[in-house]
>>> print(open('input_7.cif').read())   # mmCIF, C-alpha atoms and all ligand atoms
data_coords
#
loop_
_atom_site.label_atom_id
_atom_site.label_comp_id
_atom_site.auth_asym_id
_atom_site.auth_seq_id
_atom_site.Cartn_x
_atom_site.Cartn_y
_atom_site.Cartn_z
CA MET A 1 16.96 -22.15 13.00
CA LYS A 2 14.60 -21.53 10.05
CA ARG A 3 15.28 -19.09 7.24
CA ALA A 4 13.77 -17.71 4.02
CA VAL A 5 14.55 -14.93 1.57
CA VAL A 6 11.68 -13.44 -0.43
CA GLU A 7 10.75 -10.45 -2.52
CA ALA A 8 7.41 -8.59 -2.24
CA PRO A 9 5.99 -5.66 -4.20
CA ALA A 10 4.60 -2.24 -3.28
CA ASN A 11 1.15 -1.32 -4.55
CA ILE A 12 -0.62 1.89 -5.51
CA ALA A 13 -4.21 2.33 -4.36
CA LEU A 14 -6.69 3.46 -7.01
CA VAL A 15 -9.60 3.29 -4.56
CA LYS A 16 -8.01 4.38 -1.30
CA TYR A 17 -8.09 2.88 2.20
CA TRP A 18 -8.46 5.78 4.61
CA GLY A 19 -10.21 5.17 7.93
CA LYS A 20 -10.54 2.10 10.14
CA ARG A 21 -13.34 0.32 11.96
CA ASN A 22 -10.74 -1.47 14.13
CA GLU A 23 -7.25 -0.04 14.73
CA GLU A 24 -5.70 -3.16 16.29
CA LEU A 25 -6.54 -5.40 13.32
CA ASN A 26 -6.39 -2.69 10.62
CA LEU A 27 -9.98 -3.32 9.56
CA PRO A 28 -11.01 -0.65 7.04
CA LEU A 29 -14.18 1.43 6.67
CA ASN A 30 -14.33 0.73 2.93
CA ASP A 31 -13.27 -1.69 0.20
CA SER A 32 -10.17 -0.60 -1.72
CA LEU A 33 -8.53 -1.48 -5.01
CA SER A 34 -4.89 -1.33 -6.11
CA MET A 35 -2.39 -2.07 -8.84
CA THR A 36 0.67 -4.10 -7.84
CA LEU A 37 3.96 -2.40 -8.79
CA ASP A 38 7.33 -3.80 -9.81
CA LEU A 39 8.98 -1.88 -6.96
CA THR A 40 9.96 -4.46 -4.40
CA VAL A 41 11.59 -5.09 -1.06
CA LYS A 42 13.83 -8.09 -0.48
CA THR A 43 13.52 -9.57 3.00
CA GLU A 44 15.50 -12.24 4.80
CA VAL A 45 13.83 -13.73 7.87
CA THR A 46 15.62 -15.97 10.36
CA LEU A 47 13.47 -17.59 13.04
CA SER A 48 14.70 -19.21 16.22
CA ARG A 49 13.76 -19.89 19.84
CA GLU A 50 17.29 -18.73 20.76
CA PHE A 51 16.67 -15.05 19.93
CA ASP A 52 15.42 -12.97 22.84
CA ARG A 53 13.37 -10.45 20.80
CA ASP A 54 12.07 -9.64 17.32
CA GLU A 55 14.66 -7.48 15.58
CA VAL A 56 14.10 -5.59 12.31
CA TYR A 57 16.61 -3.86 10.03
CA VAL A 58 15.30 -1.78 7.12
CA ASN A 59 17.97 -0.68 4.64
CA GLN A 60 20.63 -1.50 7.28
CA ARG A 61 18.97 0.66 9.94
CA ARG A 62 17.92 -1.16 13.09
CA LEU A 63 14.37 -0.15 14.02
CA SER A 64 13.60 0.83 17.60
CA ASP A 65 11.52 -1.58 19.68
CA GLU A 66 8.59 0.89 19.46
CA GLU A 67 8.76 0.90 15.65
CA VAL A 68 8.90 -2.90 15.56
CA LYS A 69 5.98 -3.26 17.97
CA GLU A 70 3.31 -1.58 15.84
CA TYR A 71 4.21 -3.21 12.49
CA ALA A 72 6.39 -6.36 12.31
CA GLY A 73 5.58 -7.09 15.97
CA ARG A 74 1.87 -7.42 15.22
CA VAL A 75 2.64 -9.83 12.40
CA MET A 76 4.99 -11.90 14.57
CA ARG A 77 2.36 -12.16 17.32
CA SER A 78 -0.01 -13.80 14.85
CA ILE A 79 2.70 -15.96 13.26
CA ARG A 80 3.57 -17.37 16.71
CA LYS A 81 -0.08 -18.21 17.23
CA VAL A 82 -0.43 -19.93 13.85
CA ALA A 83 2.86 -21.79 14.33
CA GLY A 84 1.82 -22.77 17.87
CA ASP A 85 5.20 -21.66 19.19
CA GLN A 86 5.21 -18.74 21.61
CA GLY A 87 9.01 -18.85 21.97
CA LEU A 88 9.76 -18.11 18.33
CA ARG A 89 11.56 -14.82 17.58
CA ALA A 90 12.58 -13.30 14.24
CA VAL A 91 15.53 -11.36 12.89
CA VAL A 92 14.32 -9.51 9.81
CA ARG A 93 16.62 -7.80 7.28
CA SER A 94 14.82 -5.91 4.55
CA VAL A 95 16.16 -3.75 1.73
CA SER A 96 14.11 -1.84 -0.80
CA THR A 97 14.98 -1.82 -4.48
CA PHE A 98 13.43 1.62 -4.88
CA PRO A 99 14.86 4.88 -3.45
CA GLU A 100 13.99 5.42 0.20
CA SER A 101 13.55 9.09 -0.57
CA ALA A 102 10.67 8.17 -2.89
CA GLY A 103 8.29 8.39 0.04
CA LEU A 104 6.69 5.22 -1.31
CA ALA A 105 5.06 3.10 1.33
CA SER A 106 7.68 0.49 2.11
CA SER A 107 5.66 -0.79 5.05
CA ALA A 108 3.17 -2.43 2.65
CA ALA A 109 5.86 -4.35 0.75
CA GLY A 110 7.73 -4.97 4.02
CA MET A 111 4.81 -6.54 5.87
CA ALA A 112 3.83 -8.60 2.80
CA ALA A 113 7.42 -9.89 2.54
CA LEU A 114 7.59 -10.67 6.27
CA VAL A 115 4.48 -12.86 6.29
CA TRP A 116 5.41 -14.54 3.01
CA ALA A 117 8.91 -15.32 4.36
CA CYS A 118 7.60 -16.71 7.70
CA ASN A 119 5.13 -18.94 5.85
CA GLU A 120 7.96 -20.31 3.72
CA ALA A 121 10.57 -20.64 6.47
CA LEU A 122 8.21 -22.39 8.90
CA GLY A 123 6.40 -24.41 6.23
CA LEU A 124 3.03 -23.20 7.53
CA GLY A 125 1.26 -23.93 4.23
CA LEU A 126 -0.98 -20.84 4.40
CA ASP A 127 -2.76 -19.85 1.19
CA ARG A 128 -2.70 -16.30 -0.22
CA LYS A 129 -6.01 -15.41 1.42
CA GLU A 130 -4.68 -16.29 4.90
CA ILE A 131 -1.32 -14.62 4.17
CA SER A 132 -3.14 -11.46 3.12
CA LYS A 133 -5.02 -11.36 6.47
CA LEU A 134 -1.78 -11.62 8.46
CA ALA A 135 -0.08 -8.96 6.30
CA ARG A 136 -3.09 -6.68 6.93
CA GLU A 137 -2.48 -6.89 10.68
CA GLY A 138 1.01 -5.41 10.14
CA SER A 139 -0.18 -2.64 7.83
CA GLY A 140 -3.56 -2.48 6.12
CA SER A 141 -2.37 -1.75 2.60
CA ALA A 142 0.10 -4.68 2.83
CA CYS A 143 -2.70 -7.22 2.32
CA ARG A 144 -3.03 -6.03 -1.30
CA SER A 145 0.69 -6.70 -1.98
CA ILE A 146 0.10 -10.46 -1.63
CA PHE A 147 -1.49 -10.56 -5.09
CA GLY A 148 -0.41 -9.31 -8.52
CA GLY A 149 -2.26 -7.25 -11.11
CA PHE A 150 -5.45 -5.46 -9.98
CA VAL A 151 -6.32 -6.35 -6.41
CA LEU A 152 -9.51 -5.87 -4.40
CA TRP A 153 -9.46 -5.70 -0.58
CA LYS A 154 -12.93 -6.47 0.75
CA LYS A 155 -13.41 -4.65 4.03
CA GLY A 156 -15.44 -7.48 5.57
CA THR A 157 -17.96 -7.03 8.36
CA ARG A 158 -16.83 -9.45 11.10
CA ASN A 159 -15.17 -8.08 14.25
CA ASP A 160 -12.34 -10.63 14.15
CA GLY A 161 -11.27 -9.63 10.61
CA SER A 162 -11.75 -13.15 9.24
CA ASP A 163 -13.55 -11.79 6.16
CA SER A 164 -11.23 -8.82 5.51
CA TYR A 165 -8.74 -10.00 2.86
CA CYS A 166 -7.81 -9.57 -0.79
CA GLU A 167 -8.37 -11.22 -4.14
CA GLU A 168 -6.82 -10.72 -7.57
CA LEU A 169 -9.40 -9.28 -9.99
CA PHE A 170 -7.27 -9.14 -13.15
CA PRO A 171 -3.73 -10.42 -13.79
CA PRO A 172 -0.81 -8.07 -14.61
CA SER A 173 -1.13 -8.87 -18.34
CA HIS A 174 -4.75 -7.64 -18.44
CA TRP A 175 -3.88 -4.03 -19.28
CA ASP A 176 -0.61 -2.43 -20.38
CA LEU A 177 -0.62 0.42 -17.85
CA VAL A 178 2.27 1.99 -15.97
CA ASP A 179 2.63 4.13 -12.85
CA VAL A 180 4.91 7.10 -13.56
CA ILE A 181 6.00 8.40 -10.16
CA GLY A 182 7.37 11.90 -9.76
CA LEU A 183 9.60 12.56 -6.76
CA VAL A 184 8.82 16.09 -5.71
CA SER A 185 9.89 16.04 -2.08
CA ASP A 186 12.37 14.15 0.10
CA SER A 187 11.05 15.41 3.37
CA LYS A 188 9.63 12.75 5.64
CA LYS A 189 5.87 12.96 5.73
CA LYS A 190 4.46 15.00 8.55
CA ILE A 191 1.64 12.75 9.66
CA SER A 192 1.68 8.96 9.40
CA SER A 193 -1.20 7.19 7.67
CA ARG A 194 -1.97 5.62 11.03
CA GLU A 195 -2.39 9.00 12.72
CA GLY A 196 -4.15 10.49 9.68
CA MET A 197 -6.74 7.70 9.78
CA LYS A 198 -7.50 8.46 13.43
CA ARG A 199 -8.08 12.11 12.57
CA VAL A 200 -10.42 11.34 9.66
CA ARG A 201 -13.06 10.27 12.20
CA THR A 202 -13.54 14.00 12.86
CA ALA A 203 -14.32 14.80 9.19
CA PRO A 204 -17.99 15.76 8.72
CA THR A 205 -17.78 14.67 5.05
CA LEU A 206 -16.53 11.13 5.79
CA ASP A 207 -19.98 9.53 5.35
CA SER A 208 -20.43 11.08 1.94
CA ARG A 209 -16.98 9.79 0.89
CA LEU A 210 -17.97 6.26 1.96
CA GLU A 211 -21.18 6.56 -0.05
CA PHE A 212 -19.11 7.72 -3.07
CA VAL A 213 -16.74 4.73 -2.73
CA ASN A 214 -19.58 2.20 -2.46
CA ARG A 215 -21.35 3.70 -5.47
CA THR A 216 -18.33 4.02 -7.78
CA LEU A 217 -16.14 1.00 -6.95
CA PRO A 218 -18.21 -1.30 -9.25
CA LYS A 219 -17.81 1.32 -12.02
CA MET A 220 -14.04 1.35 -11.53
CA ILE A 221 -13.96 -2.46 -11.80
CA GLU A 222 -16.10 -2.30 -14.95
CA SER A 223 -13.80 0.31 -16.51
CA ILE A 224 -10.80 -1.95 -15.86
CA ALA A 225 -12.63 -5.02 -17.24
CA ASN A 226 -13.40 -3.07 -20.46
CA ARG A 227 -10.03 -1.26 -20.55
CA ASP A 228 -12.09 1.91 -20.82
CA GLU A 229 -9.41 4.59 -20.46
CA SER A 230 -11.53 7.72 -20.16
CA SER A 231 -13.88 6.31 -17.53
CA PHE A 232 -11.01 4.69 -15.60
CA TYR A 233 -8.83 7.82 -15.53
CA GLU A 234 -11.69 10.02 -14.35
CA LEU A 235 -12.55 7.61 -11.54
CA VAL A 236 -8.92 7.27 -10.43
CA MET A 237 -8.51 11.06 -10.16
CA ARG A 238 -11.83 11.48 -8.37
CA HIS A 239 -10.93 8.76 -5.86
CA SER A 240 -7.65 10.50 -5.07
CA ASN A 241 -9.52 13.81 -4.67
CA SER A 242 -12.10 12.13 -2.46
CA MET A 243 -9.47 10.85 -0.01
CA HIS A 244 -7.59 14.16 0.09
CA SER A 245 -10.80 16.11 0.64
CA VAL A 246 -11.68 14.13 3.81
CA ILE A 247 -8.05 14.57 4.88
CA MET A 248 -8.42 18.36 4.53
CA ASP A 249 -11.72 18.06 6.41
CA SER A 250 -10.02 16.34 9.38
CA TRP A 251 -9.06 17.96 12.67
CA PRO A 252 -6.37 18.89 13.73
CA PRO A 253 -5.52 20.36 10.28
CA THR A 254 -3.98 17.68 8.06
CA TRP A 255 -2.78 17.67 4.44
CA TYR A 256 -0.21 15.88 2.29
CA LEU A 257 -0.18 17.66 -1.09
CA ASN A 258 2.19 20.53 -1.95
CA ASP A 259 2.22 23.18 -4.69
CA ILE A 260 3.84 20.83 -7.24
CA SER A 261 1.19 18.17 -6.50
CA ILE A 262 -1.55 20.69 -7.29
CA LYS A 263 0.22 21.79 -10.47
CA VAL A 264 0.47 18.13 -11.58
CA MET A 265 -3.27 17.66 -10.96
CA GLU A 266 -3.99 20.50 -13.41
CA ILE A 267 -1.50 19.32 -16.02
CA ILE A 268 -2.62 15.68 -15.98
CA TYR A 269 -6.31 16.54 -16.08
CA ALA A 270 -5.62 18.79 -19.10
CA TYR A 271 -3.50 16.05 -20.76
CA GLY A 272 -6.56 13.79 -20.74
CA LYS A 273 -5.03 10.36 -21.40
CA ALA A 274 -3.75 9.70 -17.87
CA ALA A 275 -4.79 9.91 -14.21
CA TYR A 276 -3.04 11.30 -11.16
CA THR A 277 -3.33 9.71 -7.75
CA PHE A 278 -1.66 10.65 -4.43
CA ASP A 279 -1.17 8.57 -1.28
CA ALA A 280 -0.23 10.12 2.07
CA GLY A 281 2.44 12.33 0.52
CA PRO A 282 3.02 14.92 -2.22
CA ASN A 283 4.57 12.62 -4.88
CA PRO A 284 2.28 12.19 -7.90
CA HIS A 285 1.61 8.70 -9.26
CA VAL A 286 0.45 9.09 -12.85
CA ILE A 287 -1.32 6.08 -14.33
CA THR A 288 -1.23 5.86 -18.11
CA SER A 289 -0.66 3.42 -20.96
CA SER A 290 2.99 2.34 -21.32
CA SER A 291 3.29 4.09 -24.72
CA ARG A 292 2.80 7.47 -23.00
CA ALA A 293 5.30 6.96 -20.16
CA ASP A 294 8.01 9.17 -21.75
CA GLU A 295 5.59 12.01 -22.41
CA ILE A 296 4.35 11.90 -18.80
CA GLU A 297 7.90 11.76 -17.49
CA ASN A 298 8.67 15.02 -19.34
CA LEU A 299 5.53 16.67 -18.01
CA LEU A 300 6.45 15.69 -14.44
CA ARG A 301 9.99 17.03 -14.82
CA ASP A 302 8.67 20.31 -16.26
CA ALA A 303 6.34 20.57 -13.26
CA GLY A 304 9.30 20.26 -10.85
CA ALA A 305 9.84 16.53 -10.21
CA ARG A 306 13.51 15.92 -9.43
CA ARG A 307 13.40 12.25 -10.27
CA VAL A 308 10.92 9.99 -12.05
CA ILE A 309 10.40 6.24 -11.60
CA VAL A 310 8.31 4.19 -14.02
CA SER A 311 6.71 0.98 -12.78
CA LYS A 312 4.68 -1.51 -14.75
CA ILE A 313 1.99 -3.73 -13.25
CA SER A 314 3.59 -6.68 -11.54
CA GLN A 315 3.19 -10.07 -9.83
CA GLY A 316 2.81 -10.72 -6.11
CA PRO A 317 5.63 -11.97 -3.80
CA ARG A 318 8.31 -14.48 -4.88
CA THR A 319 10.32 -16.92 -2.81
CA LEU A 320 14.06 -16.68 -3.48
CA GLU A 321 15.57 -19.08 -0.90
CA VAL A 322 14.32 -21.39 1.84
CA GLY A 323 16.54 -22.86 4.53
P1 LIG B 1 4.81 3.89 5.17
O1 LIG B 1 5.53 2.79 4.47
O2 LIG B 1 3.50 3.44 5.76
O3 LIG B 1 4.74 5.16 4.41
P2 LIG B 1 7.14 4.02 6.81
O4 LIG B 1 8.01 3.78 5.63
O5 LIG B 1 7.47 5.13 7.74
O6 LIG B 1 5.63 4.27 6.44
O7 LIG B 1 7.07 2.67 7.64
C1 LIG B 1 6.29 2.55 8.79
C2 LIG B 1 6.82 1.39 9.63
O8 LIG B 1 6.75 0.19 8.86
C3 LIG B 1 8.28 1.49 10.04
O9 LIG B 1 8.41 2.16 11.26
C4 LIG B 1 8.66 0.04 10.20
O10 LIG B 1 8.26 -0.41 11.49
C5 LIG B 1 7.81 -0.67 9.19
N1 LIG B 1 8.53 -1.00 7.95
C6 LIG B 1 8.72 -0.19 6.88
N2 LIG B 1 9.39 -0.82 5.91
C7 LIG B 1 9.63 -2.07 6.36
C8 LIG B 1 10.30 -3.22 5.81
N3 LIG B 1 10.81 -3.20 4.56
N4 LIG B 1 10.37 -4.36 6.57
C9 LIG B 1 9.83 -4.39 7.81
N5 LIG B 1 9.20 -3.34 8.38
C10 LIG B 1 9.10 -2.20 7.68
C1 LIG B 2 -2.92 6.57 1.61
O1 LIG B 2 -1.70 0.79 5.09
O2 LIG B 2 0.06 2.53 5.62
O3 LIG B 2 -1.62 4.63 1.10
O4 LIG B 2 -2.95 0.21 8.13
O5 LIG B 2 -2.19 2.10 9.55
O6 LIG B 2 -0.50 0.67 8.40
P1 LIG B 2 -1.90 1.25 8.35
O7 LIG B 2 -1.96 2.27 7.11
P2 LIG B 2 -1.38 2.12 5.64
O8 LIG B 2 -2.24 3.22 4.87
C2 LIG B 2 -2.22 3.38 3.49
C3 LIG B 2 -2.95 4.60 3.11
C4 LIG B 2 -2.84 5.03 1.67
C5 LIG B 2 -4.01 4.51 0.85
C6 LIG B 2 -3.97 3.07 0.44
O9 LIG B 2 -2.88 2.49 0.24
O10 LIG B 2 -5.07 2.50 0.24
#
>>> encode(input="input_7.cif", output="structure tokens")
Amino acid sequence: MKRAVVEAPANIALVKYWGKRNEELNLPLNDSLSMTLDLTVKTEVTLSREFDRDEVYVNQRRLSDEEVKEYAGRVMRSIRKVAGDQGLRAVVRSVSTFPESAGLASSAAGMAALVWACNEALGLGLDRKEISKLAREGSGSACRSIFGGFVLWKKGTRNDGSDSYCEELFPPSHWDLVDVIGLVSDSKKKISSREGMKRVRTAPTLDSRLEFVNRTLPKMIESIANRDESSFYELVMRHSNSMHSVIMDSWPPTWYLNDISIKVMEIIYAYGKAAYTFDAGPNPHVITSSSRADEIENLLRDAGARRVIVSKISQGPRTLEVG
């Protein structure tokens, strides 16, 4: 029996991943860029040939076999291959340190933690680049959670995904920014990212979004390198808008934002010294310098947020126990 306990972070995409060139391997249509957050999941993995199936518990809830199959199951398939042991099965217990109701993607942190823990428990000796590829197979955005600070996921061009992995562009200490997250809805999202990304293939404006991403990603990186607030904030907001516009352009009708999200977009744009960004849900993530976190928190509460979480930029996964 092999065992490890690890912690892995969530991340917020500044240049969004939305659309795949390969659904099995989670190979994206475009490069994306994220900030690693200090919101983490803690995962214990036990591996043995004695178990008869992969079992996953998230916040004490046992996932159904179907849920396991499309996420942790994909990771375990690859881990068995790398370990050269087809009989190996895992029991995974994961708890998040942030509220479940936050609607924050826990699959990204969860898949990052799972691969990190298997690598440690089995002593596979994989480097971060290889770990990020395996995490990607579980959930695309998880590959970015293997690094800290500002992280770039290169989409790659090969069919086998061997060149689709992440790298750290700038460490957490590079820029004193925070993500101020407003919780505006508890309701479970209507359409999973996985389903939403299938639908985006129908969007007539998808090609122009991809052209926008290719043209402006280098500018986003430059604005981070120079800590150029005004250019960075504008680009972050426009990248969020760009993803949500192809979502609205998808068929069948698809959207994630609600009336509070739209109100926050107006307020933050008018505020000037911050940027909003939204993933596949209505909760605003407001990126700003740490000195303005309190002011933003008040603005979000006035706009209708019931709870606010502030996260600084953080490191990648950590190993807590092996054996
Ligand atoms: P998302 O995080 O992408 O918004 P969910 O939270 O609904 O979506 O998670 C999608 C799937 O990811 C779940 O059905 C489960 O299989 C897997 N998952 C989520 N969190 C974890 C975790 N902490 N550990 C292992 N698997 C997880
Ligand atoms: C809106 O990584 O959850 O958060 O690869 O199908 O598991 P799968 O999708 P997932 O999608 C994340 C979408 C997003 C944008 C982003 O994080 O880049």
>>> closest_residue(input="input_7.cif", among="A:Asp228, A:Glu24, A:Asp259, A:Asp294", to="ligand LIG 2 (chain B)", atoms="all atoms listed in the file")
A:Glu24
>>> axis_aligned_box(input="input_7.cif", around="ligand LIG 2 (chain B)", padding_each_side="4 Å", output="lines of an AutoDock Vina configuration file")
center_x = -2.5
center_y = 3.4
center_z = 4.9
size_x = 13.1
size_y = 14.4
size_z = 17.3
>>> atom_distance(input="input_7.cif", atom1="atom CA of Pro171 of chain A", atom2="atom CA of Met35 of chain A")
9.8 Å
>>> closest_residue(input="input_7.cif", among="A:Gly87, A:Gly149, A:Pro218, A:Gly281", to="ligand LIG 2 (chain B)", atoms="only C-alpha atoms and all ligand atoms")
A:Gly281
>>> residues_near_ligand(input="input_7.cif", ligand="ligand LIG 2 (chain B)", cutoff="10 Å", atoms="only C-alpha atoms and all ligand atoms", output="PyMOL selection string")
chain A and resi 10-20+22-28+30-34+70-71+104-108+111+135-144+153+192-198+240+243-244+256+277-281
>>> residues_around(input="input_7.cif", residues="Gln315 of chain A", least_positions_apart="3", cutoff="12 Å", atoms="all atoms listed in the file", output="list in words")
Glu7, Ala8, Pro9, Ala10, Asn11, Met35, Thr36, Leu37, Asp38, Leu39, Thr40, Arg144, Ser145, Ile146, Phe147, Gly148, Gly149, Phe150, Val151, Glu168, Phe170, Pro171, Pro172, Ser173, His174, Ser311, Lys312 and Arg318 of chain A
>>> write_last_selection(input="input_7.cif", atoms="C-alpha atoms", output="compact mmCIF listing (two decimals), in the coordinates of the input")
# COMPACT_ATOMS: atom_id res chain seq x y z
CA GLU A 7 10.75 -10.45 -2.52
CA ALA A 8 7.41 -8.59 -2.24
CA PRO A 9 5.99 -5.66 -4.20
CA ALA A 10 4.60 -2.24 -3.28
CA ASN A 11 1.15 -1.32 -4.55
CA MET A 35 -2.39 -2.07 -8.84
CA THR A 36 0.67 -4.10 -7.84
CA LEU A 37 3.96 -2.40 -8.79
CA ASP A 38 7.33 -3.80 -9.81
CA LEU A 39 8.98 -1.88 -6.96
CA THR A 40 9.96 -4.46 -4.40
CA ARG A 144 -3.03 -6.03 -1.30
CA SER A 145 0.69 -6.70 -1.98
CA ILE A 146 0.10 -10.46 -1.63
CA PHE A 147 -1.49 -10.56 -5.09
CA GLY A 148 -0.41 -9.31 -8.52
CA GLY A 149 -2.26 -7.25 -11.11
CA PHE A 150 -5.45 -5.46 -9.98
CA VAL A 151 -6.32 -6.35 -6.41
CA GLU A 168 -6.82 -10.72 -7.57
CA PHE A 170 -7.27 -9.14 -13.15
CA PRO A 171 -3.73 -10.42 -13.79
CA PRO A 172 -0.81 -8.07 -14.61
CA SER A 173 -1.13 -8.87 -18.34
CA HIS A 174 -4.75 -7.64 -18.44
CA SER A 311 6.71 0.98 -12.78
CA LYS A 312 4.68 -1.51 -14.75
CA ARG A 318 8.31 -14.48 -4.88
>>> atom_distance(input="input_7.cif", atom1="atom CA of Asn226 of chain A", atom2="atom CA of Val286 of chain A")
19.9 Å
>>> atom_distance(input="input_7.cif", atom1="atom CA of Arg292 of chain A", atom2="atom CA of Ile224 of chain A")
18.0 Å
>>> closest_residue(input="input_7.cif", among="A:Ser231, A:Ser250, A:Ser64, A:Val180", to="Ile268 of chain A", atoms="all atoms listed in the file")
A:Val180
>>> closest_atom_pairs(input="input_7.cif", of="segment 150-253 of chain A", to="segment 299-307 of chain A", cutoff="9 Å", atoms="only C-alpha atoms", output="JSON lines")
{"residue": "A:Val180", "atom": "CA", "partner": "A:Leu300", "partner_atom": "CA", "distance": 8.8}
{"residue": "A:Ile181", "atom": "CA", "partner": "A:Arg307", "partner_atom": "CA", "distance": 8.3}
{"residue": "A:Gly182", "atom": "CA", "partner": "A:Ala305", "partner_atom": "CA", "distance": 5.3}
{"residue": "A:Leu183", "atom": "CA", "partner": "A:Arg307", "partner_atom": "CA", "distance": 5.2}
{"residue": "A:Val184", "atom": "CA", "partner": "A:Ala305", "partner_atom": "CA", "distance": 4.6}
{"residue": "A:Ser185", "atom": "CA", "partner": "A:Ala305", "partner_atom": "CA", "distance": 8.1}
>>> closest_residue(input="input_7.cif", among="A:Ser94, A:Ser242, A:Ser164, A:Asn59", to="Thr216 of chain A", atoms="all atoms listed in the file")
A:Ser242
>>> closest_residue(input="input_7.cif", among="A:Leu29, A:Asp127, A:Asn283, A:Leu169", to="ligand LIG 1 (chain B)", atoms="only C-alpha atoms and all ligand atoms")
A:Asn283
>>> residues_near_point(input="input_7.cif", point="(9.9, -7.1, 17.5)", cutoff="6 Å", atoms="only C-alpha atoms", output="VMD selection string")
chain A and resid 53 to 55 68 to 69 73
>>> residues_around(input="input_7.cif", residues="Pro253 of chain A", least_positions_apart="2", cutoff="12 Å", atoms="all atoms listed in the file", output="PyMOL selection string")
chain A and resi 190-191+196+199-200+202-203+245-251+255-256
>>> residues_near_point(input="input_7.cif", point="(14.4, -18.9, 13.7)", cutoff="6 Å", atoms="all atoms listed in the file", output="ChimeraX atom specification")
/A:1-2,46-48,90
>>> closest_residue(input="input_7.cif", among="A:Pro282, A:Arg3, A:Thr205, A:Asp179", to="ligand LIG 1 (chain B)", atoms="all atoms listed in the file")
A:Pro282
>>> build_atoms(input="input_7.cif", residues="segment 153-157 of chain A", atoms="all heavy atoms", output="short mmCIF file (atom, residue, chain, number, x, y, z; two decimals), keeping the file's coordinate frame")
data_model
loop_
_atom_site.label_atom_id
_atom_site.label_comp_id
_atom_site.auth_asym_id
_atom_site.auth_seq_id
_atom_site.Cartn_x
_atom_site.Cartn_y
_atom_site.Cartn_z
N TRP A 153 -9.43 -5.39 -2.04
CA TRP A 153 -9.46 -5.70 -0.58
C TRP A 153 -10.89 -5.45 -0.10
O TRP A 153 -11.34 -4.32 -0.09
CB TRP A 153 -8.47 -4.81 0.15
CG TRP A 153 -8.48 -4.89 1.65
CD1 TRP A 153 -9.10 -5.83 2.43
CD2 TRP A 153 -7.84 -3.98 2.57
NE1 TRP A 153 -8.88 -5.56 3.77
CE2 TRP A 153 -8.11 -4.45 3.87
CE3 TRP A 153 -7.06 -2.83 2.40
CZ2 TRP A 153 -7.63 -3.77 5.01
CZ3 TRP A 153 -6.59 -2.18 3.52
CH2 TRP A 153 -6.87 -2.65 4.81
N LYS A 154 -11.56 -6.56 0.23
CA LYS A 154 -12.93 -6.47 0.75
C LYS A 154 -12.84 -6.13 2.23
O LYS A 154 -12.16 -6.83 2.97
CB LYS A 154 -13.66 -7.80 0.57
CG LYS A 154 -13.85 -8.23 -0.86
CD LYS A 154 -14.91 -7.42 -1.57
CE LYS A 154 -16.32 -7.82 -1.15
NZ LYS A 154 -17.34 -6.94 -1.76
N LYS A 155 -13.56 -5.10 2.64
CA LYS A 155 -13.41 -4.65 4.03
C LYS A 155 -13.88 -5.69 5.03
O LYS A 155 -13.34 -5.79 6.12
CB LYS A 155 -14.16 -3.34 4.24
CG LYS A 155 -15.68 -3.44 4.18
CD LYS A 155 -16.30 -2.06 4.36
CE LYS A 155 -17.77 -2.07 4.10
NZ LYS A 155 -18.58 -2.71 5.15
N GLY A 156 -14.87 -6.50 4.65
CA GLY A 156 -15.44 -7.48 5.57
C GLY A 156 -16.31 -6.80 6.61
O GLY A 156 -16.30 -5.56 6.74
N THR A 157 -17.06 -7.61 7.34
CA THR A 157 -17.96 -7.03 8.36
C THR A 157 -17.71 -7.63 9.74
O THR A 157 -18.17 -7.11 10.73
CB THR A 157 -19.44 -7.28 7.99
OG1 THR A 157 -19.60 -8.69 7.76
CG2 THR A 157 -19.84 -6.52 6.73
#
